[in-house]
Structures are given as structure tokens and as C-alpha cells.
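Scroll down for the structure; my scribbles are underneath it.
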Amino acid sequence: MRIEIWSDVVCPWCYIGKRRLEEALAGFEHRDQVEVEWRSFQLDPSAPTEPHEHVGEMLARKYGGGARVGQMQAQMLQVAAEVGLDFSRHSESLHLNTVDAHRLLHAAGDRRADLKEALLHAYFVEARNLADHDVLVDVATSVGLDADAARTVLASDAHADDVAADVAQAAAYGATGVPFFVVDAKYGVSGAQPTEVFSQLLETAWAERSPIQLVNAGDAAAPGCEGDSCAI
């Protein structure tokens with residue numbers, strides 16, 4: 001079973017949703033047969049690559065005042081704590097562009113999941129500037145990626161097309177926000193749903209997987225190989 005997850009590394013509910021899905025997967029009987037693939041999404045493609053304001057300041061402008069934003073962030077911190085995440089420094093996080101972080105994720109190969117976790121932790125727990133290439137290289141090397149290779153990716157436009165393709169696919173699915181989860185290209189779930197919802201989704205998707213239908217093309221058995229035996 002394949003789970004594709006569209007998310008942004010500056011999306012708090014993406015981190016919370018990640019933890020809730022992980023909780024559901026931990027209790028799923030067929031966990032070893034589930035593949036998770038991370039997809040790119042940019043909440044604000046127009047955000048600056050050289051950030052100059054904190055997230056709280058940006059949200060206050062967008063939603064009309066700091067009081068409402070404070071209430072929103074307090075609620076988010078409480079929910080994060082319930083899944084073991086400490087967002088107490090999130091008020092220090094910067095409003096920034098994430099395209100380079102996503103390009104680096106596409107270059108990470110089999111370390112992609114590790115890098116995704118490391119980037120989320122760097123932004124929400126440590127309030128690091130993920131638009132800064134030195135920071136991105138440091139986070140990449142913390143999960144075993146080569147520093148020179150990471151710098152080469154960041155100094156170019158490598159994987160920009162991959163990021164754009166992910167964003168386009170999300171739009172094709174009708175996703176307008178993240179996190180957005182797609183199971184076996186058939187079942188879609190939007191938002192940081194409760195763990196119980198993810199558990200139900202996993203069970204439903206597994207139970208409804210369609211077995212291959214064998215077609216009898218004739219009475220005579222066609223030749224073939226089976227196991228370690230192959231008649232010639």
C-alpha cells in the first residue's frame with residue numbers, strides 16, 4: 001500500500017498530521033507493507049527567500065490583529081504537545097520561501113523521510129531559517145547527506161521541475177491546502193485528522209485493495225516458470 005503525503009516544511013499541521021499518521025501506522029498490522037512517499041507543496045510560493053519578519057507578524061497582517069493570532073497559536077501549541085511536539089519557539093520562526101528545502105528533499109533519495117523530519121524539527125522546534133542555504137546544508141548533513149552534494153543542488157535549479165510537478169498533481173487532486181494524504185491513488189484525506197481517522201483509512205484501504213483477476217485464455221496451460229523450477 002502506498003501513501004503519498006503533500007505537505008510544506010513550514011506547515012505546523014503538517015507536522016502534527018505526520019505524528020498522527022505515524023501513531024496510526026504503529027498500530028497497523030500491515031505496516032511493513034506500507035510505503036510512504038513525501039510530496040512537495042508550497043503554502044506561499046511568493047514568500048521571500050531572504051525572510052525579514054516572523055510568522056506571527058505575517059499572520060497578524062493577514063488575519064487582522066495579534067490577539068486572534070495569539071489564540072490560534074496557543075491552540076496549535078496545545079495540540080502539538082498532545083503528539084509529543086514542542087512548538088514553544090514557533091513564535092520565533094520566520095515567514096520564508098520553501099522551494100529550496102523541497103528541491104533538497106527531492107535530491108535526498110532514500111534519506112528523504114529522515115530529511116523531512118529533520119527540516120520540520122529545525123523549523124518548528126529550533127526556529128531555524130530554512131531559506132538559508134547554510135542551514136539547509138547543516139540539516140542535510142545531520143541525516144547523512146553529503147554537504148558538497150547538497151550545496152551543488154542548492155546552487156542550481158535542480159529538482160525545481162519535480163517540485164512543480166508535485167504541486168500540479170496536488171491541484172489535479174483538488175487539494176487546496178496541506179497536509180493532504182492519498183492512499184493508493186484512490187483515497188484522499190485532507191488535514192491533520194485524528195489518529196483514529198487515519199487508522200480507519202488504513203484498514204479501509206487495505207480491505208478494499210483489488211486482487212488481480214486471472215484470465216483463462218484457453219483450456220491448455222501455457223508454459224511458464226514457477227519458483228526455482230522451470231521446464232525447458
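Identifiers for the C-alpha cells are assigned positionally: chains receive A, B, ... in sequence, residues are indexed from 1 per chain, and ligands are indexed from 1 in the order shown.
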Can you list, as a short mmCIF file (atom, residue, chain, number, x, y, z; two decimals) with C-alpha atoms, in the first residue's frame, every residue of range 104-197 of chain A that DSSP puts in helix (DSSP H, G or I)?
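Dumped to selection38.cif:
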data_model
loop_
_atom_site.label_atom_id
_atom_site.label_comp_id
_atom_site.auth_asym_id
_atom_site.auth_seq_id
_atom_site.Cartn_x
_atom_site.Cartn_y
_atom_site.Cartn_z
CA LEU A 104 16.75 19.31 -1.46
CA LEU A 105 14.14 16.78 -0.35
CA HIS A 106 13.81 15.55 -3.92
CA GLY A 109 16.97 9.72 -2.24
CA ASP A 110 16.40 7.08 0.44
CA ARG A 111 17.08 9.68 3.16
CA ARG A 112 14.07 11.74 2.14
CA ALA A 113 11.88 10.73 5.07
CA ASP A 114 14.72 11.43 7.52
CA LEU A 115 15.36 14.82 5.95
CA LYS A 116 11.67 15.68 6.07
CA GLU A 117 11.56 15.04 9.81
CA ALA A 118 14.82 16.96 10.34
CA LEU A 119 13.56 20.00 8.41
CA LEU A 120 10.27 20.09 10.32
CA HIS A 121 12.14 19.82 13.61
CA ALA A 122 14.59 22.54 12.59
CA TYR A 123 11.79 24.96 11.75
CA PHE A 124 9.22 24.32 14.46
CA HIS A 133 21.45 27.50 2.36
CA ASP A 134 23.97 27.05 5.17
CA VAL A 135 21.15 25.95 7.47
CA LEU A 136 19.77 23.58 4.84
CA VAL A 137 23.19 22.01 4.30
CA ASP A 138 23.64 21.60 8.05
CA VAL A 139 20.26 19.88 8.38
CA ALA A 140 21.04 17.69 5.36
CA THR A 141 24.35 16.51 6.78
CA SER A 142 22.67 15.73 10.11
CA ALA A 147 27.45 18.55 2.23
CA ASP A 148 29.04 19.25 -1.16
CA ALA A 149 26.25 17.45 -2.99
CA ALA A 150 23.65 19.43 -1.05
CA ARG A 151 25.39 22.72 -1.87
CA THR A 152 25.52 21.80 -5.55
CA VAL A 153 21.77 21.18 -5.59
CA LEU A 154 21.03 24.43 -3.77
CA ALA A 160 12.59 22.57 -9.48
CA ASP A 161 10.55 20.68 -12.09
CA ASP A 162 9.91 17.89 -9.58
CA VAL A 163 8.57 20.39 -7.05
CA ALA A 164 6.33 21.96 -9.68
CA ALA A 165 5.06 18.53 -10.75
CA ASP A 166 4.09 17.69 -7.16
CA VAL A 167 2.24 20.99 -6.80
CA ALA A 168 0.43 20.38 -10.09
CA GLN A 169 -0.61 16.88 -9.03
CA ALA A 170 -1.99 18.22 -5.76
CA ALA A 171 -4.07 20.70 -7.74
CA ALA A 172 -5.28 17.88 -10.03
CA TYR A 173 -6.48 16.00 -6.96
CA THR A 195 -5.20 9.20 14.71
CA GLU A 196 -8.43 7.19 14.72
CA VAL A 197 -9.37 8.56 11.29
#
### Message
My list of candidates is A:Val182, A:Val83, A:His159, A:Leu201. Which is closest to Arg19 in chain A when distances are computed with only C-alpha atoms?
### Response
A:Val83
### Message
as a PyMOL selection string, please: the residues near Glu57 in chain A (cut-off 12 Å, only C-alpha atoms, same-chain neighbours under 5 positions excluded).
### Response
chain A and resi 51-52+62-70+91-95
Restricting the output to N, CA, C and O atoms, write the selected residues as a PDB file, in the first residue's frame.
ATOM      1  N   PRO A  51      14.064  36.106   4.345  1.00  0.00           N
ATOM      2  CA  PRO A  51      12.970  36.491   5.245  1.00  0.00           C
ATOM      3  C   PRO A  51      13.317  37.668   6.136  1.00  0.00           C
ATOM      4  O   PRO A  51      14.466  37.832   6.568  1.00  0.00           O
ATOM      5  N   HIS A  52      12.284  38.470   6.422  1.00  0.00           N
ATOM      6  CA  HIS A  52      12.518  39.674   7.229  1.00  0.00           C
ATOM      7  C   HIS A  52      11.477  39.863   8.334  1.00  0.00           C
ATOM      8  O   HIS A  52      11.540  40.837   9.076  1.00  0.00           O
ATOM      9  N   LYS A  62      -2.396  39.257   8.014  1.00  0.00           N
ATOM     10  CA  LYS A  62      -3.346  38.505   7.207  1.00  0.00           C
ATOM     11  C   LYS A  62      -4.704  38.373   7.875  1.00  0.00           C
ATOM     12  O   LYS A  62      -5.742  38.454   7.213  1.00  0.00           O
ATOM     13  N   TYR A  63      -4.706  38.161   9.192  1.00  0.00           N
ATOM     14  CA  TYR A  63      -5.955  37.888   9.895  1.00  0.00           C
ATOM     15  C   TYR A  63      -6.460  39.057  10.733  1.00  0.00           C
ATOM     16  O   TYR A  63      -7.436  38.930  11.463  1.00  0.00           O
ATOM     17  N   GLY A  64      -5.797  40.198  10.633  1.00  0.00           N
ATOM     18  CA  GLY A  64      -6.332  41.400  11.254  1.00  0.00           C
ATOM     19  C   GLY A  64      -6.105  41.549  12.736  1.00  0.00           C
ATOM     20  O   GLY A  64      -7.024  41.921  13.468  1.00  0.00           O
ATOM     21  N   GLY A  65      -4.903  41.268  13.196  1.00  0.00           N
ATOM     22  CA  GLY A  65      -4.603  41.536  14.594  1.00  0.00           C
ATOM     23  C   GLY A  65      -3.900  40.417  15.319  1.00  0.00           C
ATOM     24  O   GLY A  65      -4.085  39.246  14.989  1.00  0.00           O
ATOM     25  N   GLY A  66      -3.090  40.808  16.308  1.00  0.00           N
ATOM     26  CA  GLY A  66      -2.287  39.843  17.036  1.00  0.00           C
ATOM     27  C   GLY A  66      -3.069  39.014  18.032  1.00  0.00           C
ATOM     28  O   GLY A  66      -2.670  37.896  18.354  1.00  0.00           O
ATOM     29  N   ALA A  67      -4.195  39.541  18.536  1.00  0.00           N
ATOM     30  CA  ALA A  67      -4.956  38.811  19.556  1.00  0.00           C
ATOM     31  C   ALA A  67      -5.500  37.504  18.986  1.00  0.00           C
ATOM     32  O   ALA A  67      -5.379  36.439  19.611  1.00  0.00           O
ATOM     33  N   ARG A  68      -6.093  37.583  17.810  1.00  0.00           N
ATOM     34  CA  ARG A  68      -6.647  36.375  17.193  1.00  0.00           C
ATOM     35  C   ARG A  68      -5.551  35.380  16.862  1.00  0.00           C
ATOM     36  O   ARG A  68      -5.705  34.176  17.061  1.00  0.00           O
ATOM     37  N   VAL A  69      -4.437  35.898  16.366  1.00  0.00           N
ATOM     38  CA  VAL A  69      -3.315  35.030  16.026  1.00  0.00           C
ATOM     39  C   VAL A  69      -2.779  34.345  17.281  1.00  0.00           C
ATOM     40  O   VAL A  69      -2.433  33.164  17.266  1.00  0.00           O
ATOM     41  N   GLY A  70      -2.711  35.088  18.381  1.00  0.00           N
ATOM     42  CA  GLY A  70      -2.250  34.505  19.634  1.00  0.00           C
ATOM     43  C   GLY A  70      -3.113  33.346  20.077  1.00  0.00           C
ATOM     44  O   GLY A  70      -2.612  32.319  20.552  1.00  0.00           O
ATOM     45  N   SER A  91       7.039  31.008  17.685  1.00  0.00           N
ATOM     46  CA  SER A  91       6.847  32.450  17.506  1.00  0.00           C
ATOM     47  C   SER A  91       8.096  33.118  16.941  1.00  0.00           C
ATOM     48  O   SER A  91       8.027  34.219  16.388  1.00  0.00           O
ATOM     49  N   GLU A  92       9.250  32.440  17.061  1.00  0.00           N
ATOM     50  CA  GLU A  92      10.497  32.979  16.515  1.00  0.00           C
ATOM     51  C   GLU A  92      10.710  32.583  15.055  1.00  0.00           C
ATOM     52  O   GLU A  92      11.623  33.093  14.394  1.00  0.00           O
ATOM     53  N   SER A  93       9.886  31.668  14.538  1.00  0.00           N
ATOM     54  CA  SER A  93      10.055  31.184  13.170  1.00  0.00           C
ATOM     55  C   SER A  93       9.786  32.297  12.167  1.00  0.00           C
ATOM     56  O   SER A  93       8.941  33.167  12.378  1.00  0.00           O
ATOM     57  N   LEU A  94      10.507  32.249  11.054  1.00  0.00           N
ATOM     58  CA  LEU A  94      10.408  33.283  10.033  1.00  0.00           C
ATOM     59  C   LEU A  94       9.447  32.876   8.918  1.00  0.00           C
ATOM     60  O   LEU A  94       9.306  31.695   8.594  1.00  0.00           O
ATOM     61  N   HIS A  95       8.823  33.882   8.326  1.00  0.00           N
ATOM     62  CA  HIS A  95       7.992  33.670   7.135  1.00  0.00           C
ATOM     63  C   HIS A  95       8.942  33.600   5.948  1.00  0.00           C
ATOM     64  O   HIS A  95       9.587  34.576   5.597  1.00  0.00           O
TER      65      HIS A  95
END
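Taking CA of Glu35 in chain A and CA of Trp206 in chain A as the two end points, the separation is 12.7 Å.
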### Query
With only C-alpha atoms as the atoms that count, which of A:Gln73, A:Ser156, A:Gln200, A:Ser88 lies nearest to Ala107 in chain A?
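Of A:Gln73, A:Ser156, A:Gln200, A:Ser88, the one nearest Ala107 in chain A is A:Ser156, counting only C-alpha atoms.
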### Task
Once DSSP has gone over the backbone, tell me which residues of range 22-193 of chain A are in strand (DSSP E or B), as a list of chain:residue names.
A:Glu35, A:Val36, A:Glu37, A:Trp38, A:Arg39, A:Ser40, A:His54, A:Leu94, A:Phe180, A:Phe181, A:Val182, A:Val183, A:Tyr187, A:Gly188, A:Val189, A:Ser190
If you count only C-alpha atoms, which residues fall within 9 Å of Val36 in chain A, apart from same-chain ones fewer than 3 positions away, as a PDB file with all heavy atoms, in the first residue's frame?
ATOM      1  N   MET A   1       0.843  -1.189   0.000  1.00  0.00           N
ATOM      2  CA  MET A   1       0.000   0.000   0.000  1.00  0.00           C
ATOM      3  C   MET A   1       0.883   1.245   0.000  1.00  0.00           C
ATOM      4  O   MET A   1       1.910   1.281   0.671  1.00  0.00           O
ATOM      5  CB  MET A   1      -0.918  -0.006   1.227  1.00  0.00           C
ATOM      6  CG  MET A   1      -2.011   1.035   1.185  1.00  0.00           C
ATOM      7  SD  MET A   1      -3.360   0.644   2.327  1.00  0.00           S
ATOM      8  CE  MET A   1      -2.537   0.837   3.910  1.00  0.00           C
ATOM      9  N   ARG A   2       0.468   2.241  -0.750  1.00  0.00           N
ATOM     10  CA  ARG A   2       1.287   3.443  -0.912  1.00  0.00           C
ATOM     11  C   ARG A   2       0.545   4.665  -0.406  1.00  0.00           C
ATOM     12  O   ARG A   2      -0.607   4.893  -0.776  1.00  0.00           O
ATOM     13  CB  ARG A   2       1.622   3.619  -2.386  1.00  0.00           C
ATOM     14  CG  ARG A   2       2.514   4.797  -2.719  1.00  0.00           C
ATOM     15  CD  ARG A   2       2.625   4.918  -4.226  1.00  0.00           C
ATOM     16  NE  ARG A   2       3.555   5.930  -4.649  1.00  0.00           N
ATOM     17  CZ  ARG A   2       3.493   6.530  -5.831  1.00  0.00           C
ATOM     18  NH1 ARG A   2       2.543   6.192  -6.691  1.00  0.00           N
ATOM     19  NH2 ARG A   2       4.364   7.449  -6.184  1.00  0.00           N
ATOM     20  N   ILE A   3       1.198   5.429   0.448  1.00  0.00           N
ATOM     21  CA  ILE A   3       0.630   6.671   0.963  1.00  0.00           C
ATOM     22  C   ILE A   3       1.484   7.830   0.470  1.00  0.00           C
ATOM     23  O   ILE A   3       2.679   7.904   0.775  1.00  0.00           O
ATOM     24  CB  ILE A   3       0.569   6.692   2.496  1.00  0.00           C
ATOM     25  CG1 ILE A   3      -0.217   5.494   3.023  1.00  0.00           C
ATOM     26  CG2 ILE A   3      -0.053   7.997   2.983  1.00  0.00           C
ATOM     27  CD1 ILE A   3      -0.227   5.402   4.536  1.00  0.00           C
ATOM     28  N   GLU A   4       0.884   8.728  -0.291  1.00  0.00           N
ATOM     29  CA  GLU A   4       1.565   9.938  -0.722  1.00  0.00           C
ATOM     30  C   GLU A   4       1.089  11.092   0.164  1.00  0.00           C
ATOM     31  O   GLU A   4      -0.112  11.235   0.416  1.00  0.00           O
ATOM     32  CB  GLU A   4       1.259  10.243  -2.182  1.00  0.00           C
ATOM     33  CG  GLU A   4       1.765   9.187  -3.156  1.00  0.00           C
ATOM     34  CD  GLU A   4       1.260   9.442  -4.559  1.00  0.00           C
ATOM     35  OE1 GLU A   4       0.140   8.957  -4.860  1.00  0.00           O
ATOM     36  OE2 GLU A   4       1.958  10.118  -5.337  1.00  0.00           O
ATOM     37  N   ILE A   5       2.042  11.899   0.633  1.00  0.00           N
ATOM     38  CA  ILE A   5       1.697  12.991   1.541  1.00  0.00           C
ATOM     39  C   ILE A   5       2.217  14.308   0.970  1.00  0.00           C
ATOM     40  O   ILE A   5       3.423  14.498   0.821  1.00  0.00           O
ATOM     41  CB  ILE A   5       2.291  12.776   2.941  1.00  0.00           C
ATOM     42  CG1 ILE A   5       1.928  11.391   3.473  1.00  0.00           C
ATOM     43  CG2 ILE A   5       1.797  13.870   3.894  1.00  0.00           C
ATOM     44  CD1 ILE A   5       2.624  11.048   4.780  1.00  0.00           C
ATOM     45  N   ALA A 113      12.731  10.708   3.883  1.00  0.00           N
ATOM     46  CA  ALA A 113      11.878  10.734   5.071  1.00  0.00           C
ATOM     47  C   ALA A 113      12.626  11.298   6.276  1.00  0.00           C
ATOM     48  O   ALA A 113      12.070  12.066   7.069  1.00  0.00           O
ATOM     49  CB  ALA A 113      11.355   9.334   5.379  1.00  0.00           C
TER      50      ALA A 113
END
### Task
Tell me, in Å to one decimal, how far CA of His90 in chain A is from CA of Ser199 in chain A.
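The value is 28.8 Å.
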